[in-house]
$ cat target-v7.txt   # compact mmCIF, C-alpha atoms
# COMPACT_ATOMS: atom_id res chain seq x y z
CA MET A 807 117.96 61.86 38.22
CA ALA A 808 115.49 64.71 38.17
CA ARG A 809 116.28 68.13 39.53
CA ILE A 810 113.33 69.44 41.57
CA PRO A 811 113.54 73.05 42.78
CA VAL A 812 110.59 74.23 44.94
CA ASN A 813 109.93 77.93 45.53
CA LEU A 814 108.01 78.60 48.76
CA THR A 815 105.84 81.56 49.66
CA PRO A 816 106.48 82.96 52.20
CA ALA A 817 110.24 82.68 51.73
CA ILE A 818 111.00 81.01 55.04
CA THR A 819 113.76 78.65 56.17
CA GLY A 820 113.29 75.23 57.72
CA VAL A 821 110.28 73.86 55.82
CA ILE A 822 110.57 70.12 55.19
CA GLY A 823 108.65 68.15 52.57
CA GLU A 824 108.10 64.45 52.08
CA MET A 825 108.64 62.53 48.83
CA TRP A 826 105.89 60.02 48.08
CA VAL A 827 105.46 57.55 45.22
CA GLY A 828 102.27 56.02 43.89
CA LEU A 829 102.34 52.33 42.91
CA LEU A 830 99.67 50.20 41.28
CA VAL A 831 98.80 47.16 43.39
CA GLY A 832 96.08 44.87 42.04
CA GLY A 833 94.77 47.66 39.88
CA ASP A 834 94.62 50.20 42.73
CA LEU A 835 97.01 53.08 43.27
CA TYR A 836 98.69 53.17 46.70
CA TRP A 837 100.94 55.96 47.91
CA TYR A 838 104.12 55.21 49.83
CA TYR A 839 106.39 57.53 51.81
CA LEU A 840 109.97 57.57 50.54
CA ILE A 841 112.20 60.24 52.13
CA ASP A 842 112.16 63.72 53.64
CA THR A 843 113.34 66.53 51.43
CA PRO A 844 116.18 68.77 52.57
CA PRO A 845 114.88 71.81 54.54
CA SER A 846 114.19 75.05 52.68
CA VAL A 847 116.58 77.99 52.87
CA ASN A 848 115.03 81.42 52.42
CA GLY A 849 112.07 79.87 50.63
CA LEU A 850 114.07 77.67 48.23
CA MET A 851 114.21 73.88 48.27
CA ASP A 852 116.48 72.61 45.45
CA PHE A 853 117.54 68.98 45.20
CA GLY A 854 118.01 66.11 42.82
CA TYR A 855 116.18 62.82 43.15
CA ALA A 856 116.18 59.36 41.58
CA ASP A 857 114.62 56.01 42.53
CA GLY A 858 113.59 52.74 40.92
CA TYR A 859 110.14 54.02 39.89
CA PRO A 860 110.93 56.75 37.32
CA ILE A 861 107.60 56.49 35.48
CA SER A 862 105.46 56.12 38.59
CA PRO A 863 103.67 59.22 39.89
CA HIS A 864 105.52 61.12 42.60
CA GLN A 865 104.45 63.92 44.94
CA ILE A 866 106.15 66.24 47.40
CA ARG A 867 103.87 66.61 50.42
CA PHE A 868 104.26 69.31 53.05
CA PRO A 869 102.65 68.22 56.32
CA GLU A 870 101.26 70.74 58.80
CA GLN A 871 104.26 72.24 60.55
CA THR A 872 105.15 75.19 62.74
CA ILE A 873 107.94 77.55 61.69
CA ASN A 874 108.91 80.57 63.80
CA GLY A 875 105.78 80.22 65.92
CA ILE A 876 103.40 80.11 62.93
CA THR A 877 101.62 76.88 62.03
CA TYR A 878 101.15 76.27 58.30
CA LEU A 879 98.47 74.04 56.83
CA ALA A 880 99.40 70.86 54.94
CA THR A 881 99.73 71.10 51.14
CA GLN A 882 101.32 69.18 48.25
CA THR A 883 102.56 69.40 44.66
CA ASN A 884 100.81 67.89 41.69
CA GLY A 885 101.89 64.40 40.64
CA PHE A 886 105.01 64.16 38.47
CA MET A 887 107.44 61.57 37.08
CA ILE A 888 111.15 61.82 37.70
CA THR A 889 112.07 61.30 34.10
CA GLN A 890 112.66 65.04 33.75
CA ASP A 891 113.30 68.17 35.83
CA TRP A 892 110.41 69.95 37.53
CA THR A 893 109.95 73.36 39.18
CA PHE A 894 107.14 73.91 41.68
CA ASN A 895 105.80 77.07 43.30
CA ILE A 896 104.08 76.33 46.62
CA THR A 897 102.20 78.77 48.82
CA LEU A 898 102.10 77.90 52.51
CA THR A 899 98.89 79.02 54.24
CA PRO A 900 99.05 79.89 57.95
CA LYS A 901 96.61 77.94 60.05
CA GLU A 902 94.01 80.23 61.55
CA ALA A 903 94.77 80.43 65.24
CA PRO A 904 91.84 80.30 67.64
CA VAL A 905 90.77 83.81 68.61
CA GLN A 906 91.01 84.23 72.36
CA GLY A 907 90.45 87.20 74.62
CA HIS A 908 88.69 88.09 77.85
CA ILE A 909 87.44 91.13 79.74
CA PHE A 910 90.18 91.81 82.26
CA ASP A 911 88.66 94.48 84.50
CA VAL A 912 86.11 97.32 84.52
CA HIS A 913 86.80 100.90 85.61
CA TYR A 914 84.40 103.81 86.16
CA TRP A 915 84.41 107.57 86.67
CA TYR A 916 81.88 110.25 87.56
CA GLY A 917 82.08 113.95 88.38
CA GLY A 918 84.13 114.85 91.43
CA MET A 919 86.44 111.79 91.26
CA SER A 920 90.15 112.53 90.99
CA GLN A 921 90.83 109.43 88.86
CA TRP A 922 89.25 106.32 87.36
CA ARG A 923 88.57 103.50 89.83
CA GLU A 924 88.00 99.78 89.47
CA VAL A 925 84.55 98.32 90.02
CA TRP A 926 85.38 94.71 88.99
CA PRO A 927 87.05 92.36 89.88
CA ILE A 928 88.54 94.58 92.61
CA ASP A 929 85.72 96.49 94.26
CA GLU A 930 86.74 100.14 94.65
CA TYR A 931 83.22 101.33 93.90
CA VAL A 932 81.78 104.35 95.71
CA PRO A 933 78.09 104.76 94.79
CA PRO A 934 77.31 108.07 93.10
CA PRO A 935 74.11 109.96 93.91
CA MET A 936 71.26 110.08 91.44
CA GLY A 937 71.58 112.94 88.96
CA TYR A 938 75.24 112.32 88.09
CA PHE A 939 76.71 111.05 84.80
CA ILE A 940 78.85 107.88 84.94
CA TYR A 941 81.49 106.65 82.47
CA PHE A 942 82.76 103.06 82.07
CA SER A 943 85.98 101.53 80.69
CA PRO A 944 86.04 97.70 80.40
CA ARG A 945 89.65 96.63 79.72
CA TRP A 946 90.29 93.42 77.74
CA ARG A 947 93.30 91.18 77.07
CA ASN A 948 94.30 89.32 73.89
CA ASP A 949 94.96 85.75 75.09
CA GLY A 950 95.56 84.34 71.60
CA THR A 951 98.63 83.91 69.45
CA ILE A 952 97.74 86.36 66.67
CA THR A 953 96.99 90.08 66.54
CA VAL A 954 93.25 90.75 66.56
CA THR A 955 90.83 93.66 66.40
CA GLY A 956 88.73 93.67 69.55
CA HIS A 957 85.34 95.37 69.60
CA MET A 958 83.61 96.19 72.88
CA ASP A 959 79.94 97.06 73.46
CA ILE A 960 78.24 97.90 76.73
CA GLU A 961 74.61 97.99 77.79
CA VAL A 962 73.58 99.74 80.99
CA THR A 963 70.15 99.02 82.49
CA SER A 964 68.42 101.15 85.13
CA PRO A 965 66.39 99.70 88.03
CA SER A 966 63.16 100.33 86.08
CA GLY A 967 64.50 98.57 82.95
CA VAL A 968 65.54 101.57 80.84
CA LYS A 969 68.49 100.52 78.64
CA TYR A 970 71.40 102.69 77.51
CA ASN A 971 73.90 101.67 74.80
CA PRO A 972 76.54 104.41 74.73
CA SER A 973 79.21 104.45 72.06
CA ALA A 974 82.88 104.67 72.99
CA TYR A 975 84.68 107.96 72.60
CA SER A 976 87.98 106.05 72.28
CA GLY A 977 89.22 102.50 71.80
CA GLN A 978 85.95 100.76 70.90
CA ASP A 979 87.80 98.94 68.08
CA SER A 980 91.36 98.24 69.16
CA VAL A 981 94.08 96.32 67.28
CA VAL A 982 95.92 94.37 69.98
CA ALA A 983 98.91 92.03 69.73
CA PRO A 984 99.06 88.75 71.69
CA GLY A 985 99.31 89.49 75.40
CA GLY A 986 98.30 93.12 74.91
CA TYR A 987 95.32 95.08 76.24
CA GLY A 988 92.51 97.19 74.81
CA PHE A 989 91.21 100.21 76.75
CA PRO A 990 87.84 101.38 75.36
CA ARG A 991 86.23 104.31 77.16
CA PHE A 992 82.53 104.92 76.75
CA ASN A 993 80.39 108.04 76.74
CA TYR A 994 78.38 108.83 79.85
CA VAL A 995 75.15 107.30 81.09
CA PRO A 996 72.77 109.62 83.02
CA LEU A 997 71.96 108.21 86.45
CA THR A 998 68.27 109.06 86.49
CA GLU A 999 67.20 106.55 89.15
CA SER A 1000 68.42 105.35 92.51
CA GLY A 1001 68.81 101.64 93.23
CA THR A 1002 70.68 98.76 91.58
CA TRP A 1003 71.83 99.17 87.97
CA THR A 1004 73.37 96.56 85.64
CA LEU A 1005 76.34 96.87 83.27
CA LYS A 1006 76.85 94.21 80.57
CA ALA A 1007 80.07 94.34 78.54
CA THR A 1008 80.48 92.18 75.40
CA LEU A 1009 83.81 91.55 73.64
CA THR A 1010 84.28 90.24 70.09
CA CYS A 1011 87.70 89.55 68.51
CA ASP A 1012 87.87 89.72 64.70
CA GLY A 1013 84.08 89.44 64.72
CA VAL A 1014 84.08 86.28 66.87
CA PHE A 1015 82.49 86.31 70.34
CA CYS A 1016 85.19 86.22 73.02
CA ASP A 1017 83.72 87.18 76.39
CA GLU A 1018 80.85 88.79 78.24
CA ARG A 1019 80.71 90.21 81.73
CA THR A 1020 77.72 91.45 83.77
CA ILE A 1021 78.13 93.43 86.98
CA ASN A 1022 75.75 95.31 89.26
CA PHE A 1023 76.33 98.78 90.69
CA THR A 1024 74.23 100.98 92.94
CA VAL A 1025 73.12 104.59 92.73
CA GLU A 1026 72.15 106.45 95.87
CA ALA A 1027 69.00 108.51 96.27
CA PRO A 1028 69.72 112.25 96.28
CA ALA A 1029 69.89 114.07 99.62
CA ASP A 1030 66.60 115.77 100.50
CA ILE A 1031 66.68 119.46 101.35
CA SER A 1032 63.42 121.12 102.38
CA THR A 1033 62.31 124.46 100.93
CA SER A 1034 59.96 127.25 101.90
CA LEU A 1035 57.99 129.60 99.70
CA THR A 1036 56.40 133.01 100.29
CA LEU A 1037 53.58 134.68 98.35
CA GLU A 1038 52.50 138.32 98.31
CA VAL A 1039 49.37 139.58 96.54
CA PRO A 1040 47.41 142.82 96.99
CA GLY A 1041 44.87 142.78 99.79
CA SER A 1042 42.17 143.93 97.40
CA ALA A 1043 41.51 144.71 93.76
CA GLY A 1044 38.68 145.72 91.48
CA PRO A 1045 36.72 143.12 89.52
CA GLY A 1046 38.69 141.89 86.48
CA ALA A 1047 41.82 143.79 87.44
CA THR A 1048 45.36 142.64 86.55
CA VAL A 1049 47.44 142.49 89.70
CA ASN A 1050 51.03 141.69 90.61
CA PHE A 1051 52.21 138.80 92.75
CA SER A 1052 55.69 138.01 94.08
CA GLY A 1053 57.55 135.86 96.56
CA LYS A 1054 60.73 133.95 97.28
CA LEU A 1055 61.84 130.32 97.31
CA THR A 1056 64.49 129.46 99.91
CA ARG A 1057 66.42 126.32 100.87
CA ALA A 1058 66.79 125.01 104.42
CA ASP A 1059 70.57 124.99 104.01
CA ALA A 1060 70.53 128.68 102.99
CA GLN A 1061 72.06 127.94 99.58
CA PRO A 1062 70.63 129.59 96.43
CA PRO A 1063 67.91 127.35 94.96
CA GLY A 1064 68.78 128.19 91.37
CA ILE A 1065 66.23 128.86 88.66
CA GLN A 1066 63.03 126.96 89.49
CA THR A 1067 59.44 126.89 88.25
CA ILE A 1068 56.66 128.40 90.37
CA LYS A 1069 52.94 128.10 89.64
CA LEU A 1070 50.23 130.42 90.95
CA ILE A 1071 47.03 128.44 91.44
CA ASP A 1072 43.43 129.27 92.35
CA ASP A 1073 43.35 127.45 95.68
CA VAL A 1074 39.69 126.47 95.31
CA SER A 1075 39.33 125.45 91.65
CA GLY A 1076 42.93 124.35 91.14
CA THR A 1077 43.20 126.47 87.98
CA VAL A 1078 46.72 127.61 87.14
CA LYS A 1079 46.65 131.40 86.93
CA ALA A 1080 50.32 131.93 86.02
CA THR A 1081 53.62 130.07 85.66
CA VAL A 1082 56.90 131.90 86.27
CA SER A 1083 60.56 131.13 86.98
CA THR A 1084 62.65 132.32 89.88
CA ASP A 1085 65.99 133.98 89.51
CA ASN A 1086 69.03 132.13 90.81
CA ASN A 1087 68.37 133.43 94.33
CA GLY A 1088 64.75 132.26 94.36
CA ASN A 1089 62.94 135.56 93.77
CA TYR A 1090 59.91 135.44 91.50
CA SER A 1091 57.13 137.75 90.33
CA GLY A 1092 54.36 137.96 87.78
CA THR A 1093 50.83 139.15 87.07
CA PHE A 1094 47.39 137.57 86.90
CA THR A 1095 43.80 138.67 86.35
CA VAL A 1096 41.36 138.49 89.25
CA PRO A 1097 37.73 137.38 88.78
CA SER A 1098 35.06 139.87 87.72
CA THR A 1099 32.79 138.79 90.55
CA GLU A 1100 33.15 140.40 93.97
CA GLY A 1101 34.27 138.21 96.85
CA THR A 1102 37.30 136.88 98.68
CA TYR A 1103 39.58 134.62 96.67
CA TYR A 1104 42.45 132.43 97.85
CA TYR A 1105 45.60 131.79 95.85
CA ALA A 1106 48.56 129.49 96.32
CA SER A 1107 52.06 129.56 94.88
CA GLU A 1108 53.51 126.09 94.50
CA PHE A 1109 57.00 124.66 93.94
CA ALA A 1110 56.83 120.97 92.90
CA GLY A 1111 60.39 120.13 93.95
CA ALA A 1112 63.45 119.45 91.78
CA THR A 1113 66.62 117.36 91.60
CA ILE A 1114 69.87 119.31 91.24
CA GLY A 1115 72.90 117.06 90.83
CA SER A 1116 73.15 114.99 94.00
CA ILE A 1117 70.41 116.77 95.97
CA HIS A 1118 66.64 116.89 95.84
CA LEU A 1119 64.78 120.09 96.75
CA GLY A 1120 61.53 119.27 98.48
CA PRO A 1121 58.20 120.81 97.43
CA SER A 1122 56.72 123.82 99.18
CA SER A 1123 53.77 126.22 98.85
CA SER A 1124 52.31 129.42 100.26
CA ARG A 1125 48.79 130.87 100.35
CA ALA A 1126 47.29 134.34 100.35
CA ALA A 1127 43.80 135.91 100.18
CA LEU A 1128 42.64 138.73 97.89
CA SER A 1129 39.36 140.63 98.17
CA VAL A 1130 37.63 141.61 94.94
CA GLY A 1131 35.13 144.47 95.29
CA ALA A 1132 34.04 147.90 94.01
CA GLN A 1133 36.74 150.56 94.35
CA ILE A 1134 36.03 154.23 95.15
CA PRO A 1135 37.45 156.37 92.32
CA TYR A 1136 40.23 158.69 93.43
CA PHE A 1137 38.69 161.74 91.73
CA ALA A 1138 35.55 161.42 93.92
CA ILE A 1139 37.66 161.95 97.07
CA VAL A 1140 39.43 165.10 95.82
CA PRO A 1141 36.50 167.60 96.16
CA ILE A 1142 35.86 166.54 99.73
CA VAL A 1143 39.46 167.12 100.69
CA ALA A 1144 39.53 170.44 98.85
CA GLY A 1145 36.40 171.57 100.63
CA LEU A 1146 37.92 170.88 103.99
CA VAL A 1147 40.97 172.88 103.11
CA ILE A 1148 38.91 175.91 101.99
CA ALA A 1149 36.84 175.87 105.17
CA ARG A 1150 39.96 176.06 107.31
CA THR A 1151 41.48 178.97 105.37
$ encode --input "target-v7.txt" --output "structure tokens"
Amino acid sequence: MARIPVNLTPAITGVIGEMWVGLLVGGDLYWYYLIDTPPSVNGLMDFGYADGYPISPHQIRFPEQTINGITYLATQTNGFMITQDWTFNITLTPKEAPVQGHIFDVHYWYGGMSQWREVWPIDEYVPPPMGYFIYFSPRWRNDGTITVTGHMDIEVTSPSGVKYNPSAYSGQDSVVAPGGYGFPRFNYVPLTESGTWTLKATLTCDGVFCDERTINFTVEAPADISTSLTLEVPGSAGPGATVNFSGKLTRADAQPPGIQTIKLIDDVSGTVKATVSTDNNGNYSGTFTVPSTEGTYYYASEFAGATIGSIHLGPSSSRAALSVGAQIPYFAIVPIVAGLVIART
């Protein structure tokens, strides 16, 4: 009888092997099942064995089996004869479980919301106006039987086809146990257009594709608020003089327009004479040089419009005339006035 201890790695209990013998039949070797080995205890299988084929090759085979929820691949010892004792060291390799996971739901947030809301599969979506920043959080679930690292990517496409691929500020690579969830949260996407946008979320688990989800969401056009603009220039000036201009931009809803760009334009040629910015209340001022040729010239101040958050300020303009001509020097008037004063004394 041969004593045959087998040391298993990992040191688990309940592993059963099978004793096989190889016999020559007609010059060919055939293997025959004999008996099951006693189950392992804490990684050790120690037994004695004898049969009527001591010099025939024997093997202990370990079929694929599941112990404590883990399936181990089949393996076997080398061939041996039972004319002596043998010790074997066998490593059991876990069978790679199929990686499974899916995108469970998608949440979103933008400025002014008190909390994150779901956009899919439950539709709690309230369209934001153009000009806001939106954040997304696609949640995923590990549906497999092993712990995996899930990686999430998103791609957001505007109505005109502009693509954004923000990185996650948390949870983009999450280690999740079976039945658990990953919660990546992505950096913002600027909502620069109104209309229908597209979000595509892609999940990989341990580098293997798991799931992909595409949803549409809408962005509203900003509210239009009309504006008005005033322009003040001198009524007249000498040829080639530098003169001041000023005015004010106001909103129809009486709110401050903020700092905006104003252009002063020659209303005939379209030449930009000056570009200035308003203060927060809409006041603006600047200087420009009038032509060196006498005549009446027309100028326009123009505001092209602007988007501020969820509103759009409409364009506005104002026009004024300025006469360019010869000016009478002040010192030429003084003697006349003085003469009148002397005559009355």
$ atom_distance --input "target-v7.txt" --atom1 "atom CA of Asp1017 of chain A" --atom2 "atom CA of Asn993 of chain A"
21.1 Å
$ closest_atom_pairs --input "target-v7.txt" --of "segment 813-877 of chain A" --to "segment 892-904 of chain A" --cutoff "12 Å" --atoms "only C-alpha atoms" --output "CSV"
residue,atom,partner,partner_atom,distance
A:Asn813,CA,A:Asn895,CA,4.8
A:Leu814,CA,A:Ile896,CA,5.0
A:Thr815,CA,A:Thr897,CA,4.7
A:Pro816,CA,A:Leu898,CA,6.7
A:Ala817,CA,A:Thr897,CA,9.4
A:Ile818,CA,A:Leu898,CA,9.8
A:Val821,CA,A:Leu898,CA,9.7
A:Ile822,CA,A:Leu898,CA,11.8
A:Gly823,CA,A:Ile896,CA,11.1
A:Ser846,CA,A:Ile896,CA,11.9
A:Gly849,CA,A:Ile896,CA,9.6
A:Leu850,CA,A:Asn895,CA,9.6
A:Met851,CA,A:Phe894,CA,9.7
A:Asp852,CA,A:Thr893,CA,9.1
A:Phe853,CA,A:Trp892,CA,10.5
A:Gly854,CA,A:Trp892,CA,10.0
A:Tyr855,CA,A:Trp892,CA,10.8
A:His864,CA,A:Trp892,CA,11.3
A:Gln865,CA,A:Phe894,CA,10.8
A:Ile866,CA,A:Phe894,CA,9.6
A:Arg867,CA,A:Ile896,CA,10.4
A:Phe868,CA,A:Leu898,CA,8.9
A:Pro869,CA,A:Leu898,CA,10.4
A:Glu870,CA,A:Lys901,CA,8.7
A:Gln871,CA,A:Lys901,CA,9.6
A:Thr872,CA,A:Pro900,CA,9.1
A:Ile873,CA,A:Pro900,CA,9.9
A:Asn874,CA,A:Pro900,CA,11.5
A:Gly875,CA,A:Pro900,CA,10.4
A:Ile876,CA,A:Pro900,CA,6.6
A:Thr877,CA,A:Lys901,CA,5.5
$ closest_residue --input "target-v7.txt" --among "A:Gln921, A:Thr819, A:Thr1008, A:Ser1042" --to "Gly1131 of chain A" --atoms "all atoms listed in the file"
A:Ser1042
$ residues_near_point --input "target-v7.txt" --point "(107.8, 65.7, 37.5)" --cutoff "10 Å" --atoms "all atoms listed in the file" --output "NGL selection string"
:A and (808-810 or 860-865 or 883-894)
$ atom_distance --input "target-v7.txt" --atom1 "atom CA of Val1078 of chain A" --atom2 "atom CA of Val1096 of chain A"
12.3 Å
$ atom_distance --input "target-v7.txt" --atom1 "atom CA of Lys1006 of chain A" --atom2 "atom CA of Arg947 of chain A"
17.1 Å
$ residues_around --input "target-v7.txt" --residues "segment 1030-1034 of chain A" --least-positions-apart "3" --cutoff "10 Å" --atoms "only C-alpha atoms" --output "PyMOL selection string"
chain A and resi 1027+1054-1060+1063+1108-1109+1111-1113+1116-1124
$ closest_residue --input "target-v7.txt" --among "A:Gly1046, A:Gly1013, A:Pro996, A:Gly1115" --to "Gly1101 of chain A" --atoms "only C-alpha atoms"
A:Gly1046
$ axis_aligned_box --input "target-v7.txt" --around "segment 1094-1106 of chain A" --padding-each-side "4 Å" --output "lines of an AutoDock Vina configuration file"
center_x = 40.7
center_y = 134.9
center_z = 92.5
size_x = 23.8
size_y = 18.9
size_z = 20.3
$ decode --input "target-v7.txt" --residues "segment 851-867 of chain A" --atoms "N, CA and C atoms" --output "PDB file, in the first residue's frame"
ATOM      1  N   MET A 851      -5.125  16.212   1.999  1.00  0.00           N
ATOM      2  CA  MET A 851      -5.776  14.951   1.635  1.00  0.00           C
ATOM      3  C   MET A 851      -4.718  13.864   1.850  1.00  0.00           C
ATOM      4  N   ASP A 852      -4.892  13.004   2.859  1.00  0.00           N
ATOM      5  CA  ASP A 852      -3.857  12.034   3.227  1.00  0.00           C
ATOM      6  C   ASP A 852      -4.507  10.652   3.346  1.00  0.00           C
ATOM      7  N   PHE A 853      -4.116   9.738   2.486  1.00  0.00           N
ATOM      8  CA  PHE A 853      -4.744   8.414   2.497  1.00  0.00           C
ATOM      9  C   PHE A 853      -3.765   7.371   1.980  1.00  0.00           C
ATOM     10  N   GLY A 854      -4.061   6.138   2.274  1.00  0.00           N
ATOM     11  CA  GLY A 854      -3.297   5.035   1.731  1.00  0.00           C
ATOM     12  C   GLY A 854      -4.100   4.328   0.645  1.00  0.00           C
ATOM     13  N   TYR A 855      -3.370   3.732  -0.319  1.00  0.00           N
ATOM     14  CA  TYR A 855      -4.091   3.113  -1.422  1.00  0.00           C
ATOM     15  C   TYR A 855      -3.313   1.903  -1.938  1.00  0.00           C
ATOM     16  N   ALA A 856      -4.082   0.863  -2.295  1.00  0.00           N
ATOM     17  CA  ALA A 856      -3.474  -0.326  -2.926  1.00  0.00           C
ATOM     18  C   ALA A 856      -4.496  -0.926  -3.875  1.00  0.00           C
ATOM     19  N   ASP A 857      -4.029  -1.498  -4.995  1.00  0.00           N
ATOM     20  CA  ASP A 857      -4.914  -2.221  -5.913  1.00  0.00           C
ATOM     21  C   ASP A 857      -4.102  -3.313  -6.606  1.00  0.00           C
ATOM     22  N   GLY A 858      -4.690  -3.953  -7.570  1.00  0.00           N
ATOM     23  CA  GLY A 858      -4.012  -5.065  -8.233  1.00  0.00           C
ATOM     24  C   GLY A 858      -3.130  -4.650  -9.387  1.00  0.00           C
ATOM     25  N   TYR A 859      -2.867  -3.321  -9.513  1.00  0.00           N
ATOM     26  CA  TYR A 859      -2.048  -2.844 -10.638  1.00  0.00           C
ATOM     27  C   TYR A 859      -0.914  -1.966 -10.098  1.00  0.00           C
ATOM     28  N   PRO A 860      -0.074  -2.506  -9.204  1.00  0.00           N
ATOM     29  CA  PRO A 860       0.924  -1.656  -8.531  1.00  0.00           C
ATOM     30  C   PRO A 860       1.919  -1.001  -9.473  1.00  0.00           C
ATOM     31  N   ILE A 861       2.242  -1.656 -10.609  1.00  0.00           N
ATOM     32  CA  ILE A 861       3.250  -1.043 -11.491  1.00  0.00           C
ATOM     33  C   ILE A 861       2.610  -0.325 -12.676  1.00  0.00           C
ATOM     34  N   SER A 862       1.301  -0.267 -12.692  1.00  0.00           N
ATOM     35  CA  SER A 862       0.624   0.518 -13.739  1.00  0.00           C
ATOM     36  C   SER A 862       0.599   1.989 -13.337  1.00  0.00           C
ATOM     37  N   PRO A 863       0.570   2.884 -14.312  1.00  0.00           N
ATOM     38  CA  PRO A 863       0.515   4.316 -13.971  1.00  0.00           C
ATOM     39  C   PRO A 863      -0.833   4.671 -13.325  1.00  0.00           C
ATOM     40  N   HIS A 864      -0.748   5.499 -12.292  1.00  0.00           N
ATOM     41  CA  HIS A 864      -1.933   6.002 -11.616  1.00  0.00           C
ATOM     42  C   HIS A 864      -1.937   7.532 -11.680  1.00  0.00           C
ATOM     43  N   GLN A 865      -3.099   8.109 -11.488  1.00  0.00           N
ATOM     44  CA  GLN A 865      -3.240   9.563 -11.410  1.00  0.00           C
ATOM     45  C   GLN A 865      -4.361   9.891 -10.428  1.00  0.00           C
ATOM     46  N   ILE A 866      -4.188  11.024  -9.738  1.00  0.00           N
ATOM     47  CA  ILE A 866      -5.315  11.585  -8.983  1.00  0.00           C
ATOM     48  C   ILE A 866      -5.816  12.781  -9.795  1.00  0.00           C
ATOM     49  N   ARG A 867      -7.041  12.734 -10.195  1.00  0.00           N
ATOM     50  CA  ARG A 867      -7.639  13.808 -11.000  1.00  0.00           C
ATOM     51  C   ARG A 867      -8.651  14.580 -10.144  1.00  0.00           C
TER      52      ARG A 867
END
